[in-house]
>>> print(open('query25.cif').read())   # mmCIF, C-alpha atoms
data_protein
#
loop_
_atom_site.group_PDB
_atom_site.id
_atom_site.type_symbol
_atom_site.label_atom_id
_atom_site.label_comp_id
_atom_site.auth_asym_id
_atom_site.auth_seq_id
_atom_site.Cartn_x
_atom_site.Cartn_y
_atom_site.Cartn_z
ATOM 1 C CA MET A 1 118.764 119.479 145.937
ATOM 2 C CA ASP A 2 116.178 119.782 143.165
ATOM 3 C CA ALA A 3 117.698 118.936 139.775
ATOM 4 C CA PHE A 4 114.775 120.659 138.015
ATOM 5 C CA LYS A 5 114.660 123.855 140.071
ATOM 6 C CA GLY A 6 114.356 126.831 137.746
ATOM 7 C CA GLY A 7 113.313 124.595 134.841
ATOM 8 C CA LYS A 8 110.261 125.195 132.664
ATOM 9 C CA TYR A 9 107.695 122.465 131.967
ATOM 10 C CA LEU A 10 107.047 122.380 128.233
ATOM 11 C CA GLY A 11 104.503 119.535 128.109
ATOM 12 C CA ASN A 12 104.276 115.807 127.511
ATOM 13 C CA LEU A 13 105.647 114.035 124.462
ATOM 14 C CA ASP A 14 104.289 110.782 123.052
ATOM 15 C CA PHE A 15 106.652 107.943 122.212
ATOM 16 C CA ALA A 16 107.402 107.889 118.487
ATOM 17 C CA GLY A 17 105.945 104.927 116.590
ATOM 18 C CA GLU A 18 104.099 103.451 119.577
ATOM 19 C CA SER A 19 100.688 101.912 119.110
ATOM 20 C CA ARG A 20 97.752 103.367 121.021
ATOM 21 C CA ALA A 21 96.462 100.993 123.678
ATOM 22 C CA PRO A 22 93.768 101.928 126.175
ATOM 23 C CA LEU A 23 95.256 102.776 129.543
ATOM 24 C CA ASP A 24 94.303 101.097 132.835
ATOM 25 C CA THR A 25 92.307 98.445 130.935
ATOM 26 C CA LEU A 26 93.110 94.738 131.014
ATOM 27 C CA LEU A 27 93.600 93.495 127.437
ATOM 28 C CA GLY A 28 93.800 89.863 126.370
ATOM 29 C CA SER A 29 93.864 86.836 128.613
ATOM 30 C CA GLU A 30 96.173 84.174 129.986
ATOM 31 C CA LEU A 31 99.820 84.761 129.041
ATOM 32 C CA ASP A 32 98.733 87.335 126.437
ATOM 33 C CA GLY A 33 97.036 89.513 129.088
ATOM 34 C CA ARG A 34 98.409 93.037 129.417
ATOM 35 C CA MET A 35 97.519 96.290 131.141
ATOM 36 C CA PHE A 36 99.173 99.601 130.359
ATOM 37 C CA SER A 37 99.128 102.007 133.300
ATOM 38 C CA ASP A 38 98.571 105.733 132.907
ATOM 39 C CA LEU A 39 101.399 107.250 134.943
ATOM 40 C CA SER A 40 100.798 110.823 133.774
ATOM 41 C CA ASN A 41 98.758 111.695 136.863
ATOM 42 C CA LEU A 42 101.521 110.747 139.318
ATOM 43 C CA THR A 43 103.124 113.603 141.200
ATOM 44 C CA PRO A 44 106.035 113.830 143.641
ATOM 45 C CA GLU A 45 103.470 113.899 146.468
ATOM 46 C CA ASN A 46 101.445 111.019 144.964
ATOM 47 C CA SER A 47 104.106 108.878 143.265
ATOM 48 C CA ILE A 48 102.698 105.386 143.875
ATOM 49 C CA PRO A 49 99.828 104.112 141.705
ATOM 50 C CA PRO A 50 96.967 102.348 143.500
ATOM 51 C CA THR A 51 97.438 98.579 143.748
ATOM 52 C CA GLU A 52 94.430 97.795 141.539
ATOM 53 C CA ARG A 53 95.861 99.975 138.751
ATOM 54 C CA PHE A 54 99.443 98.756 138.987
ATOM 55 C CA TYR A 55 101.417 97.216 136.140
ATOM 56 C CA VAL A 56 100.262 93.821 134.818
ATOM 57 C CA ARG A 57 102.734 92.086 132.519
ATOM 58 C CA THR A 58 100.814 88.862 131.914
ATOM 59 C CA CYS A 59 97.798 87.079 133.339
ATOM 60 C CA ALA A 60 97.886 83.572 134.757
ATOM 61 C CA SER A 61 97.359 80.635 132.456
ATOM 62 C CA PRO A 62 94.731 78.019 133.342
ATOM 63 C CA LEU A 63 97.453 75.468 132.505
ATOM 64 C CA LEU A 64 99.254 76.407 135.730
ATOM 65 C CA LYS A 65 98.240 74.190 138.617
ATOM 66 C CA ASN A 66 97.093 76.252 141.588
ATOM 67 C CA GLU A 67 95.928 73.613 144.053
ATOM 68 C CA LYS A 68 99.093 73.646 146.200
ATOM 69 C CA GLY A 69 98.862 77.335 147.077
ATOM 70 C CA TRP A 70 101.786 79.726 147.381
ATOM 71 C CA LYS A 71 103.539 82.188 149.697
ATOM 72 C CA ILE A 72 105.698 85.241 149.135
ATOM 73 C CA ARG A 73 108.342 85.771 151.817
ATOM 74 C CA LEU A 74 110.259 89.031 152.233
ATOM 75 C CA ASP A 75 113.647 88.858 153.928
ATOM 76 C CA GLY A 76 117.197 90.083 153.475
ATOM 77 C CA LEU A 77 117.589 93.877 153.507
ATOM 78 C CA VAL A 78 114.377 94.500 155.454
ATOM 79 C CA ASP A 79 113.829 95.421 159.101
ATOM 80 C CA LYS A 80 111.883 92.230 159.756
ATOM 81 C CA ALA A 81 111.258 89.134 157.613
ATOM 82 C CA ALA A 82 107.592 88.695 156.735
ATOM 83 C CA THR A 83 105.192 86.594 154.677
ATOM 84 C CA PRO A 84 102.599 89.230 153.710
ATOM 85 C CA LEU A 85 100.973 87.340 150.835
ATOM 86 C CA SER A 86 99.809 83.745 150.646
ATOM 87 C CA ARG A 87 97.175 81.580 149.008
ATOM 88 C CA THR A 88 96.145 78.238 150.421
#
>>> encode(input="query25.cif", output="structure tokens")
Amino acid sequence: MDAFKGGKYLGNLDFAGESRAPLDTLLGSELDGRMFSDLSNLTPENSIPPTERFYVRTCASPLLKNEKGWKIRLDGLVDKAATPLSRT
């Protein structure tokens, strides 16, 4: 069931009072790092942005110790538990 079937696209609207930041560009550094993704080119057939252009909330701080490495484990409501990402 298509909730928008028969609807008419009128165009895009900007958010009121929002500042203009360049899209898909890393701004700042460390915990002040941000990237605003341009989602306007997503379509129902292409609804997932490429990994390299995905949302960045903050960047890592050099104050964080990284020598121990890390792992991300997926389990729970998945077909098979996995550890797809790790850094040693």
>>> closest_residue(input="query25.cif", among="A:Gly17, A:Gly7, A:Pro62, A:Pro84", to="A:Leu31", atoms="all atoms listed in the file")
A:Pro62
>>> atom_distance(input="query25.cif", atom1="atom CA of A:Arg73", atom2="atom CA of A:Ala60")
20.1 Å
>>> residues_around(input="query25.cif", residues="A:Leu27", least_positions_apart="5", cutoff="10 Å", atoms="all atoms listed in the file", output="PyMOL selection string")
chain A and resi 21-22+32-36+56+58-59
>>> write_last_selection(input="query25.cif", atoms="C-alpha atoms", output="PDB file, in the frame of the given file")
ATOM      1  CA  ALA A  21      96.462 100.993 123.678  1.00  0.00           C
ATOM      2  CA  PRO A  22      93.768 101.928 126.175  1.00  0.00           C
ATOM      3  CA  ASP A  32      98.733  87.335 126.437  1.00  0.00           C
ATOM      4  CA  GLY A  33      97.036  89.513 129.088  1.00  0.00           C
ATOM      5  CA  ARG A  34      98.409  93.037 129.417  1.00  0.00           C
ATOM      6  CA  MET A  35      97.519  96.290 131.141  1.00  0.00           C
ATOM      7  CA  PHE A  36      99.173  99.601 130.359  1.00  0.00           C
ATOM      8  CA  VAL A  56     100.262  93.821 134.818  1.00  0.00           C
ATOM      9  CA  THR A  58     100.814  88.862 131.914  1.00  0.00           C
ATOM     10  CA  CYS A  59      97.798  87.079 133.339  1.00  0.00           C
TER      11      CYS A  59
END
>>> atom_distance(input="query25.cif", atom1="atom CA of A:Thr83", atom2="atom CA of A:Trp70")
10.6 Å
>>> atom_distance(input="query25.cif", atom1="atom CA of A:Glu30", atom2="atom CA of A:Pro49")
23.4 Å
>>> closest_residue(input="query25.cif", among="A:Asp75, A:Asp2, A:Asp14, A:Asp24", to="A:Thr51", atoms="only C-alpha atoms")
A:Asp24
